[in-house]
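Okay, structure.cif is below, mmCIF, C-alpha atoms and all ligand atoms:
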data_data
loop_
_atom_site.label_atom_id
_atom_site.label_comp_id
_atom_site.auth_asym_id
_atom_site.auth_seq_id
_atom_site.Cartn_x
_atom_site.Cartn_y
_atom_site.Cartn_z
CA MET A 94 14.79 -30.84 14.12
CA GLY A 95 12.82 -28.66 11.76
CA ALA A 96 9.45 -29.14 13.37
CA GLN A 97 10.53 -27.06 16.34
CA GLU A 98 11.59 -24.09 14.24
CA SER A 99 8.20 -22.53 13.55
CA LYS A 100 7.39 -19.30 15.39
CA GLY A 101 4.02 -17.65 15.70
CA GLY A 102 1.22 -17.97 13.21
CA SER A 103 2.13 -15.24 10.75
CA TYR A 104 3.66 -16.13 7.43
CA GLY A 105 3.14 -12.82 5.64
CA LEU A 106 1.15 -12.38 2.52
CA MET A 107 2.96 -14.73 0.17
CA GLY A 108 0.47 -15.93 -2.42
CA PRO A 109 0.26 -19.38 -3.98
CA SER A 110 2.13 -18.39 -7.16
CA SER A 111 5.19 -17.24 -5.27
CA VAL A 112 5.02 -20.48 -3.26
CA VAL A 113 5.52 -22.49 -6.46
CA ALA A 114 8.50 -20.44 -7.63
CA ASN A 115 10.06 -20.32 -4.19
CA MET A 116 9.61 -24.01 -3.49
CA ASN A 117 10.87 -25.27 -6.83
CA ARG A 118 14.00 -23.15 -6.46
CA GLN A 119 14.53 -24.32 -2.90
CA ALA A 120 13.78 -27.96 -3.59
CA GLN A 121 16.56 -28.07 -6.18
CA LEU A 122 19.18 -26.93 -3.70
CA ALA A 123 17.86 -28.39 -0.49
CA ARG A 124 19.32 -31.41 1.20
CA GLN A 125 17.04 -34.37 1.93
CA TRP A 126 14.78 -33.86 4.96
CA ALA A 127 15.09 -30.08 4.57
CA LEU A 128 12.14 -27.87 5.48
CA LEU A 129 10.89 -26.48 2.15
CA HIS A 130 7.92 -24.43 3.18
CA GLN A 131 5.72 -23.45 6.07
CA CYS A 132 2.39 -21.71 6.25
CA SER A 133 -0.78 -21.62 8.31
CA LEU A 134 -3.49 -24.20 7.78
CA GLU A 135 -5.66 -21.44 6.33
CA GLN A 136 -3.04 -20.58 3.73
CA TRP A 137 -2.60 -24.28 3.00
CA LYS A 138 -6.30 -24.64 2.24
CA HIS A 139 -6.36 -21.48 0.19
CA GLY A 140 -3.77 -22.33 -2.40
CA HIS A 141 -0.45 -23.10 -0.73
CA GLY A 142 -1.15 -26.85 -0.57
CA GLU A 143 -2.00 -27.06 -4.22
CA ALA A 144 0.92 -24.83 -5.16
CA ALA A 145 3.27 -27.12 -3.23
CA GLY A 146 2.03 -30.10 -5.26
CA PHE A 147 -0.35 -31.59 -2.71
CA LYS A 148 -3.83 -32.77 -3.51
CA GLU A 149 -4.77 -33.28 0.13
CA THR A 150 -5.85 -30.14 1.91
CA THR A 151 -8.20 -31.77 4.46
CA MET A 152 -5.81 -32.03 7.40
CA THR A 153 -8.27 -31.94 10.30
CA CYS A 154 -11.33 -34.02 11.14
CA SER A 155 -13.49 -33.74 14.23
CA ASN A 156 -14.97 -37.23 13.82
CA LEU A 157 -14.35 -40.08 16.22
CA VAL A 158 -12.18 -42.96 15.11
CA PHE A 159 -13.96 -46.33 14.84
CA LYS A 160 -17.26 -44.49 14.84
CA ASP A 161 -17.39 -41.98 12.01
CA CYS A 162 -13.97 -42.67 10.53
CA SER A 163 -11.69 -45.71 10.55
CA PRO A 164 -7.87 -45.55 10.62
CA THR A 165 -7.88 -46.26 6.88
CA PHE A 166 -10.95 -44.27 5.87
CA CYS A 167 -11.79 -40.69 6.83
CA THR A 168 -15.31 -39.63 5.95
CA SER A 169 -14.27 -35.95 5.93
CA ARG A 170 -11.51 -36.59 3.40
CA GLN A 171 -13.81 -38.71 1.29
CA GLY A 172 -16.38 -35.93 1.45
CA LEU A 173 -19.21 -38.18 2.63
CA ILE A 174 -22.19 -36.22 3.78
CA ASN A 175 -24.32 -37.32 6.65
CA ILE A 176 -27.36 -38.88 5.07
CA ASN A 177 -30.84 -38.55 6.48
CA LYS A 178 -31.10 -40.76 9.54
CA HIS A 179 -34.88 -40.74 9.36
CA SER A 180 -35.09 -42.30 5.94
CA LYS A 181 -37.21 -45.42 5.74
CA GLY A 182 -34.38 -47.89 5.19
CA PHE A 183 -33.19 -47.56 8.77
CA SER A 184 -36.43 -47.90 10.66
CA PHE A 185 -35.71 -51.51 11.59
CA ARG A 186 -32.74 -50.62 13.74
CA ARG A 187 -31.97 -48.38 16.65
CA LYS A 188 -30.88 -45.07 15.21
CA ASN A 189 -28.26 -44.29 17.81
CA LYS A 190 -26.18 -47.23 16.59
CA PHE A 191 -25.54 -45.53 13.32
CA THR A 192 -22.44 -43.66 12.49
CA LYS A 193 -21.77 -41.52 9.48
CA MET A 194 -19.55 -44.12 7.87
CA ALA A 195 -21.78 -47.14 8.50
CA GLU A 196 -24.82 -45.18 7.42
CA HIS A 197 -23.28 -44.22 4.13
CA PHE A 198 -22.24 -47.74 3.21
CA GLU A 199 -25.35 -49.47 4.47
CA TYR A 200 -27.58 -47.07 2.65
CA ASN A 201 -25.67 -46.98 -0.63
CA HIS A 202 -23.85 -50.27 -0.99
CA ILE A 203 -25.15 -53.16 1.09
CA PRO A 204 -27.70 -55.50 -0.50
CA ALA A 205 -31.01 -55.46 1.35
CA GLN A 206 -30.79 -59.21 1.85
CA LEU A 207 -27.63 -58.88 3.96
CA SER A 208 -28.79 -56.00 6.11
CA SER A 209 -32.48 -56.67 6.62
CA ILE A 210 -32.76 -60.47 6.41
CA GLN A 211 -29.41 -61.71 7.71
CA ASN A 212 -29.15 -58.62 9.88
CA PHE A 213 -25.47 -57.97 9.20
CA HIS A 214 -24.45 -54.37 9.63
CA VAL A 215 -21.41 -52.30 8.76
CA LYS A 216 -18.97 -51.84 11.62
CA SER A 217 -16.27 -49.98 9.71
CA VAL A 218 -14.31 -49.68 6.51
CA LEU A 219 -11.44 -52.10 7.00
CA CYS A 220 -9.45 -50.90 3.99
CA TYR A 221 -9.75 -49.63 0.46
CA ARG A 222 -7.64 -49.27 -2.65
CA GLU A 223 -8.76 -47.35 -5.71
CA ASN A 224 -12.37 -48.49 -6.30
CA THR A 225 -12.38 -51.53 -4.04
CA VAL A 226 -13.61 -51.14 -0.47
CA VAL A 227 -13.51 -53.93 2.14
CA LEU A 228 -16.09 -53.56 4.90
CA HIS A 229 -16.08 -55.08 8.36
CA LEU A 230 -19.57 -56.57 8.81
CA VAL A 231 -20.95 -57.95 12.07
CA ARG A 232 -23.97 -59.69 13.44
CA ASN A 233 -24.43 -61.10 16.91
CA MET A 234 -21.28 -63.27 17.39
CA ASN A 235 -20.37 -63.27 13.71
CA THR A 236 -17.87 -61.29 11.66
CA MET A 237 -17.30 -61.24 7.93
CA PHE A 238 -15.91 -58.93 5.29
CA GLY A 239 -17.76 -57.48 2.33
CA ILE A 240 -16.21 -56.35 -0.96
CA ILE A 241 -17.63 -53.35 -2.82
CA ASP A 242 -16.70 -51.80 -6.13
CA ILE A 243 -17.59 -48.15 -5.60
CA SER A 244 -17.12 -47.17 -9.25
CA SER A 245 -19.95 -49.46 -10.40
CA ASN A 246 -21.71 -49.44 -7.01
CA LYS A 247 -21.65 -53.24 -6.90
CA PHE A 248 -21.50 -55.51 -3.89
CA LEU A 249 -19.04 -58.21 -4.99
CA GLY A 250 -19.43 -60.70 -2.15
CA ILE A 251 -18.28 -61.68 1.29
CA PHE A 252 -15.26 -63.52 2.68
CA GLY A 253 -13.46 -64.45 5.89
CA LYS A 254 -16.47 -65.46 7.95
CA GLN A 255 -15.55 -65.85 11.64
CA MET A 256 -17.71 -67.20 14.46
CA VAL A 257 -16.83 -64.34 16.77
CA GLU A 258 -17.59 -60.62 16.80
CA PHE A 259 -14.40 -58.52 16.70
CA PHE A 260 -13.90 -54.98 17.94
CA ASN A 261 -12.90 -52.62 15.18
CA SER A 262 -9.66 -51.73 16.88
CA VAL A 263 -8.20 -55.27 16.82
CA LEU A 264 -8.57 -55.70 13.06
CA ARG A 265 -6.34 -54.38 10.35
CA GLY A 266 -6.53 -55.03 6.63
CA GLU A 267 -4.88 -54.01 3.40
CA ILE A 268 -5.61 -54.73 -0.25
CA THR A 269 -2.43 -55.67 -2.11
CA PRO A 270 -1.01 -53.12 -4.60
CA ASP A 271 -2.21 -55.24 -7.57
CA GLY A 272 -5.74 -55.23 -6.14
CA LEU A 273 -5.99 -59.04 -6.22
CA TYR A 274 -5.66 -59.98 -2.54
CA CYS A 275 -6.60 -58.66 0.85
CA MET A 276 -4.54 -59.41 3.96
CA ILE A 277 -6.31 -59.22 7.29
CA LYS A 278 -4.84 -59.33 10.80
CA ILE A 279 -7.24 -60.86 13.33
CA PRO A 280 -6.78 -62.03 16.92
CA GLY A 281 -5.79 -65.69 17.24
CA LEU A 282 -8.82 -67.67 18.37
CA LYS A 283 -7.06 -70.13 20.69
CA THR A 284 -7.90 -69.28 24.27
CA GLY A 285 -5.22 -68.03 26.63
CA ASN A 286 -3.14 -66.86 23.72
CA ASN A 287 -2.25 -63.26 22.87
CA SER A 288 -1.27 -64.11 19.33
CA PHE A 289 -2.60 -62.68 16.11
CA GLN A 290 -3.08 -64.18 12.69
CA PHE A 291 -2.35 -62.79 9.26
CA GLN A 292 -4.76 -64.20 6.68
CA LEU A 293 -4.34 -63.63 2.96
CA TYR A 294 -7.54 -63.81 0.89
CA ASP A 295 -7.94 -63.96 -2.88
CA LEU A 296 -10.53 -61.28 -3.62
CA LYS A 297 -11.77 -63.04 -6.79
CA THR A 298 -12.39 -66.51 -5.32
CA ARG A 299 -12.78 -65.07 -1.80
CA ASN A 300 -10.82 -68.02 -0.42
CA ILE A 301 -7.99 -67.90 2.07
CA VAL A 302 -4.68 -68.64 0.32
CA ALA A 303 -2.14 -68.34 3.14
CA GLN A 304 -1.95 -67.62 6.85
CA ILE A 305 0.53 -67.30 9.69
CA THR A 306 0.32 -66.71 13.43
CA THR A 307 2.45 -63.84 14.75
CA PRO A 308 3.98 -63.70 18.23
CA TYR A 309 2.79 -60.19 19.26
CA ASP A 310 -0.55 -58.48 19.19
CA THR A 311 0.78 -55.02 18.35
CA SER A 312 1.89 -55.83 14.84
CA LEU A 313 1.03 -53.46 11.98
CA PHE A 314 1.78 -54.13 8.34
CA ALA A 315 1.87 -52.48 4.92
CA PHE A 316 2.47 -53.79 1.39
CA ASP A 317 5.41 -52.53 -0.66
CA PRO A 318 3.82 -50.62 -3.59
CA ARG A 319 6.62 -51.66 -5.99
CA PHE A 320 5.59 -55.32 -5.74
CA CYS A 321 2.19 -56.73 -6.76
CA SER A 322 1.56 -58.63 -3.55
CA SER A 323 4.82 -60.38 -2.75
CA ARG A 324 6.41 -58.10 -0.15
CA PHE A 325 5.24 -56.35 2.96
CA ALA A 326 6.66 -54.63 6.01
CA ALA A 327 5.44 -55.60 9.48
CA THR A 328 6.28 -54.57 13.02
CA SER A 329 6.78 -57.14 15.81
CA PHE A 330 6.65 -59.98 13.30
CA VAL A 331 9.67 -61.87 14.62
CA GLN A 332 9.72 -63.93 17.82
CA GLY A 333 11.76 -62.25 20.57
CA GLU A 334 11.86 -58.86 18.79
CA ASP A 335 8.73 -57.00 19.71
CA ASN A 336 9.93 -53.46 18.88
CA SER A 337 11.13 -54.43 15.42
CA LEU A 338 10.40 -53.77 11.77
CA SER A 339 10.68 -56.70 9.37
CA LEU A 340 10.50 -56.99 5.61
CA VAL A 341 8.63 -60.16 4.73
CA ARG A 342 7.83 -62.20 1.61
CA THR A 343 4.11 -62.94 1.43
CA ARG A 344 2.99 -66.61 1.53
CA SER A 345 6.44 -68.06 2.37
CA TRP A 346 6.55 -65.57 5.31
CA GLU A 347 10.31 -65.45 4.91
CA VAL A 348 11.82 -62.46 6.72
CA PHE A 349 14.65 -60.95 4.66
CA ALA A 350 15.50 -57.91 6.80
CA THR A 351 14.77 -56.87 10.37
CA ASN A 352 15.48 -53.64 12.18
CA PRO A 353 15.35 -54.51 15.90
CA ARG A 354 14.35 -50.99 16.98
CA VAL A 355 11.33 -49.17 15.58
CA ASP A 356 11.30 -46.31 18.07
CA ASP A 357 13.31 -45.11 21.05
CA MET A 358 10.78 -46.41 23.62
CA ARG A 359 11.76 -43.87 26.29
CA PRO A 360 9.26 -44.62 29.03
CA SER A 361 8.42 -40.90 29.40
CA ASN A 362 6.99 -40.89 25.90
CA HIS A 363 4.67 -43.86 26.13
CA PRO A 364 4.56 -44.00 22.37
CA VAL A 365 1.90 -46.01 20.61
CA LEU A 366 2.43 -47.14 17.05
CA LYS A 367 -0.57 -45.84 15.15
CA ASP A 368 0.20 -46.45 11.52
CA LEU A 369 2.75 -47.97 9.16
CA PHE A 370 2.93 -47.27 5.43
CA PHE A 371 5.29 -46.99 2.47
CA SER A 372 6.05 -43.88 0.45
CA LYS A 373 4.45 -43.80 -3.01
CA ASP A 374 7.67 -44.98 -4.65
CA GLY A 375 8.23 -47.74 -2.06
CA TYR A 376 11.71 -46.61 -1.05
CA LEU A 377 10.70 -45.37 2.40
CA ILE A 378 8.63 -46.80 5.25
CA PHE A 379 6.90 -44.49 7.73
CA ALA A 380 5.96 -45.48 11.29
CA ILE A 381 3.75 -43.00 13.12
CA MET A 382 3.86 -42.93 16.93
CA VAL A 383 1.59 -40.88 19.15
CA THR A 384 1.76 -40.48 22.94
CA ASP A 385 -0.61 -42.78 24.74
CA GLY A 386 -3.75 -41.84 26.61
CA CYS A 387 -6.79 -39.68 26.10
CA ASN A 388 -6.82 -35.88 25.80
CA CYS A 389 -10.57 -35.44 25.52
CA LYS A 390 -12.25 -36.43 28.77
CA ASP A 391 -14.72 -33.70 28.01
CA ARG A 392 -14.96 -32.01 24.65
CA LYS A 393 -13.75 -28.64 25.96
CA SER A 394 -10.42 -29.99 27.14
CA ARG A 395 -9.38 -31.21 23.70
CA ARG A 396 -7.24 -28.19 23.04
CA LEU A 397 -5.62 -28.03 26.46
CA GLN A 398 -3.06 -30.71 25.91
CA SER A 399 -1.06 -31.72 22.90
CA VAL A 400 0.12 -35.14 21.88
CA ASP A 401 3.70 -35.80 20.76
CA VAL A 402 3.81 -37.23 17.28
CA SER A 403 6.93 -39.01 16.01
CA VAL A 404 7.37 -39.95 12.38
CA TYR A 405 10.11 -42.57 12.10
CA ILE A 406 11.34 -43.21 8.59
CA PHE A 407 13.05 -46.38 7.38
CA ASN A 408 14.66 -47.63 4.19
CA GLY A 409 12.12 -49.75 2.24
CA ASP A 410 14.78 -52.23 1.06
CA THR A 411 16.87 -52.70 4.21
CA SER A 412 14.51 -51.59 7.05
CA GLN A 413 17.37 -49.42 8.35
CA THR A 414 16.36 -46.27 10.31
CA LEU A 415 16.91 -43.08 8.29
CA HIS A 416 15.28 -40.20 10.12
CA CYS A 417 12.76 -39.04 12.70
CA ILE A 418 10.59 -35.93 12.79
CA GLN A 419 8.79 -35.04 16.02
CA TYR A 420 6.07 -32.46 16.57
CA HIS A 421 3.17 -31.46 18.80
CA ARG A 422 -0.42 -31.53 17.76
CA TYR A 423 -3.60 -30.66 19.63
CA THR A 424 -5.65 -33.81 19.17
CA CYS A 425 -6.45 -37.08 20.87
CA GLY A 426 -4.54 -40.07 19.57
CA GLN A 427 -7.02 -42.43 21.11
CA HIS A 428 -10.39 -41.03 20.05
CA LEU A 429 -10.04 -38.57 17.20
CA CYS A 430 -9.62 -39.40 13.52
CA PRO A 431 -5.93 -40.03 12.65
CA VAL A 432 -6.15 -37.46 9.84
CA ASN A 433 -5.35 -34.92 12.57
CA TYR A 434 -1.78 -36.15 13.01
CA LEU A 435 -0.87 -38.25 9.95
CA PRO A 436 1.48 -36.71 7.38
CA VAL A 437 0.36 -36.32 3.76
CA PHE A 438 2.43 -36.63 0.59
CA SER A 439 2.76 -34.59 -2.57
CA GLN A 440 1.59 -35.92 -5.89
CA CYS A 441 5.20 -36.55 -6.96
CA GLY A 442 5.85 -38.45 -3.71
CA SER A 443 9.02 -36.53 -2.85
CA ARG A 444 7.52 -34.12 -0.30
CA MET A 445 5.80 -34.70 3.03
CA ALA A 446 3.53 -32.22 4.80
CA ILE A 447 2.67 -32.31 8.50
CA LEU A 448 0.20 -30.32 10.57
CA LEU A 449 1.50 -29.16 13.95
CA ASN A 450 1.02 -26.72 16.81
CA ASP A 451 3.63 -25.00 18.90
CA SER A 452 3.26 -24.14 22.55
CA GLU A 453 2.93 -20.34 22.12
CA THR A 454 0.02 -20.09 19.73
CA ALA A 455 -3.07 -22.11 18.99
CA THR A 456 -2.49 -21.67 15.25
CA ASP A 457 -2.33 -24.78 13.11
CA HIS A 458 0.90 -24.75 11.10
CA ILE A 459 1.83 -26.74 8.03
CA GLN A 460 5.40 -27.73 7.28
CA VAL A 461 6.62 -29.32 4.04
CA TYR A 462 9.75 -31.47 4.05
CA LYS A 463 11.88 -32.82 1.22
CA LEU A 464 12.15 -36.61 1.26
CA PRO A 465 15.14 -38.53 -0.03
CA THR A 466 14.41 -40.14 -3.38
CA PRO A 467 16.39 -42.82 -5.18
CA LEU A 468 18.97 -41.59 -7.64
CA GLY A 469 18.54 -42.52 -11.25
CA LEU A 470 17.15 -40.76 -14.25
CA GLN A 471 13.90 -42.69 -14.42
CA ASN A 472 12.85 -41.71 -10.93
CA ARG A 473 13.95 -38.09 -11.31
CA CYS A 474 11.93 -37.82 -14.51
CA ARG A 475 8.90 -39.23 -12.74
CA ILE A 476 9.13 -36.60 -10.01
CA ARG A 477 9.55 -33.81 -12.56
CA ILE A 478 6.64 -34.99 -14.73
CA LEU A 479 4.35 -35.34 -11.70
CA GLN A 480 5.27 -31.86 -10.50
CA GLN A 481 4.23 -30.42 -13.87
CA ASN A 482 1.05 -32.43 -14.48
CA LEU A 483 -2.11 -33.17 -12.56
CA SER A 484 -2.55 -36.86 -11.71
CA GLU A 485 -5.81 -36.95 -13.73
CA ASP A 486 -3.85 -35.88 -16.82
CA ILE A 487 -1.13 -38.53 -16.53
CA GLU A 488 -3.23 -41.12 -18.34
CA LYS A 489 -3.61 -38.80 -21.34
CA LEU A 490 0.13 -38.26 -21.84
CA PRO A 491 1.44 -39.60 -25.18
CA LEU A 492 3.57 -42.30 -23.54
CA PRO A 493 3.69 -46.13 -23.65
CA GLY A 494 1.41 -47.94 -21.18
CA ARG A 495 4.24 -49.19 -19.00
CA LEU A 496 5.58 -45.67 -18.52
CA ILE A 497 2.12 -44.38 -17.63
CA GLN A 498 1.91 -47.13 -15.02
CA TYR A 499 5.33 -46.15 -13.70
CA LEU A 500 4.14 -42.56 -13.38
CA GLN A 501 1.11 -43.79 -11.45
CA PHE A 502 3.34 -45.70 -8.99
CA LYS A 503 1.82 -49.04 -10.10
CA PRO A 504 3.81 -52.18 -9.10
CA GLU A 505 6.96 -52.74 -11.14
CA TYR A 506 7.78 -56.26 -9.97
CA PRO A 507 5.62 -59.38 -9.51
ZN ZN A 601 -11.87 -38.45 9.72
ZN ZN A 602 -9.68 -39.01 23.90
#

Since I need it in another form, could you write the structure as structure tokens?
Amino acid sequence: MGAQESKGGSYGLMGPSSVVANMNRQAQLARQWALLHQCSLEQWKHGHGEAAGFKETTMTCSNLVFKDCSPTFCTSRQGLININKHSKGFSFRRKNKFTKMAEHFEYNHIPAQLSSIQNFHVKSVLCYRENTVVLHLVRNMNTMFGIIDISSNKFLGIFGKQMVEFFNSVLRGEITPDGLYCMIKIPGLKTGNNSFQFQLYDLKTRNIVAQITTPYDTSLFAFDPRFCSSRFAATSFVQGEDNSLSLVRTRSWEVFATNPRVDDMRPSNHPVLKDLFFSKDGYLIFAIMVTDGCNCKDRKSRRLQSVDVSVYIFNGDTSQTLHCIQYHRYTCGQHLCPVNYLPVFSQCGSRMAILLNDSETATDHIQVYKLPTPLGLQNRCRIRILQQNLSEDIEKLPLPGRLIQYLQFKPEYP
């Protein structure tokens, strides 16, 4: 397994321009899953990341999850700055309640009527897609969700009001690839029942359009980016199969494929499923597992112990297991922002980069892997075009609208 191959922290003096040449030559010849490049985190930030076709160079975040960052929203990656806590707008509430993320949204996006009169406050960012952000809002014994358009800085309304206050960690939400719906997973409200509910909301009317109760509370889900809102992948969705990955049709909740084993569940690993998502092109599904428990009882001990990260990769059409990459990373899977262990993807979608540590050095290493991509001319052209052009420039290419959308990985099927 490639992740174990790195040695030491020295990668010589190779500059970003030779990275491009080297990588493009290698990527042509390499088999799928091959290691295409490695460098230190410093080199990654100073040109190697960009040269390898990655936009994301923020790979570490010292913020706490569910406080400053949420699993779907990292304030470091979004470049939010800590706003002045002593500004007037906050005087009506205890300052120590505020977190960077809540502060930013309450200050910039929440109508005064909601925060100061109804006393709702921002608990976290539940999910976002492009310019739409869904916020988790709470008040004593009440939960609801707020929709914001960050491009026009407009608060678009609330939905999903519940007569109970949820912890951040039990909720999960995702806006569908077409931007029209939001699916939320909330605990089932019947007492003595460990079940969870999936609720699908129309973001325009803000009404619930479908719901289902799932048998296990550990289920994660992700929408298939090739389909507007009609298909998603979910773990532990099927009765009697709690370590499974299912492909499901939204609204009818029909399961059309199930892989009964998401990870190897060796008891020594104590793996916890942290995230589930599709590749940009929808052909792969990634499940990220991190060893259980806390590595940061006091702040100094954070670098003493590493967590084991496993990236399991499945076929997006059949749910069949394709590959697994395992690595060590000095972080805490329970308390620190997931940015510290989640892989990132190149602009063309055919390369994955991970940040890891080995046992000999404290250096942060980056490794870039080649992902399998579907055969076919259309897809190969997309990869090539995206490797040659910046994503901002795609819209300006002299191509028909549908092709531009294809290049932007917009849904192809209803
Ligand atoms: Zn973060
Ligand atoms: Zn911890």

*Test item: residues lying within 8 Å of ligand ZN 602 (chain A) with all atoms listed in the file, as a list in words*: Gly386, Cys387, Asn388, Cys389, Lys390, Arg395, Cys425, Gly426, Gln427, His428 and Leu429 of chain A

_To check your reading of the model: which residues sit at most 8 Å from ligand ZN 601 (chain A) when counting all atoms listed in the file? Write the answer as a PyMOL selection string._
chain A and resi 153-158+161-163+166-170+429-433

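If all atoms listed in the file are the atoms counted, then among A:Thr306, A:Asn300, A:Thr343, A:Thr466 the closest residue to Leu377 of chain A is A:Thr466.
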
_Nearby residues (all atoms listed in the file) at most 12 Å from segment 485-491 of chain A, same-chain spacing under 3 positions excluded, as a list in words_ = Lys148, Gln440, Cys441, Arg475, Ile478, Leu479, Gln480, Gln481, Asn482, Gly494, Arg495, Leu496, Ile497, Gln498, Tyr499, Leu500, Gln501 and Phe502 of chain A

*Fewer than 2 positions away in the same chain doesn't count, so skip those; otherwise give me all residues within 9 Å of segment 113-117 of chain A, counting all atoms listed in the file, as a PyMOL selection string.*
chain A and resi 109-111+119-121+129-130+141+144-146
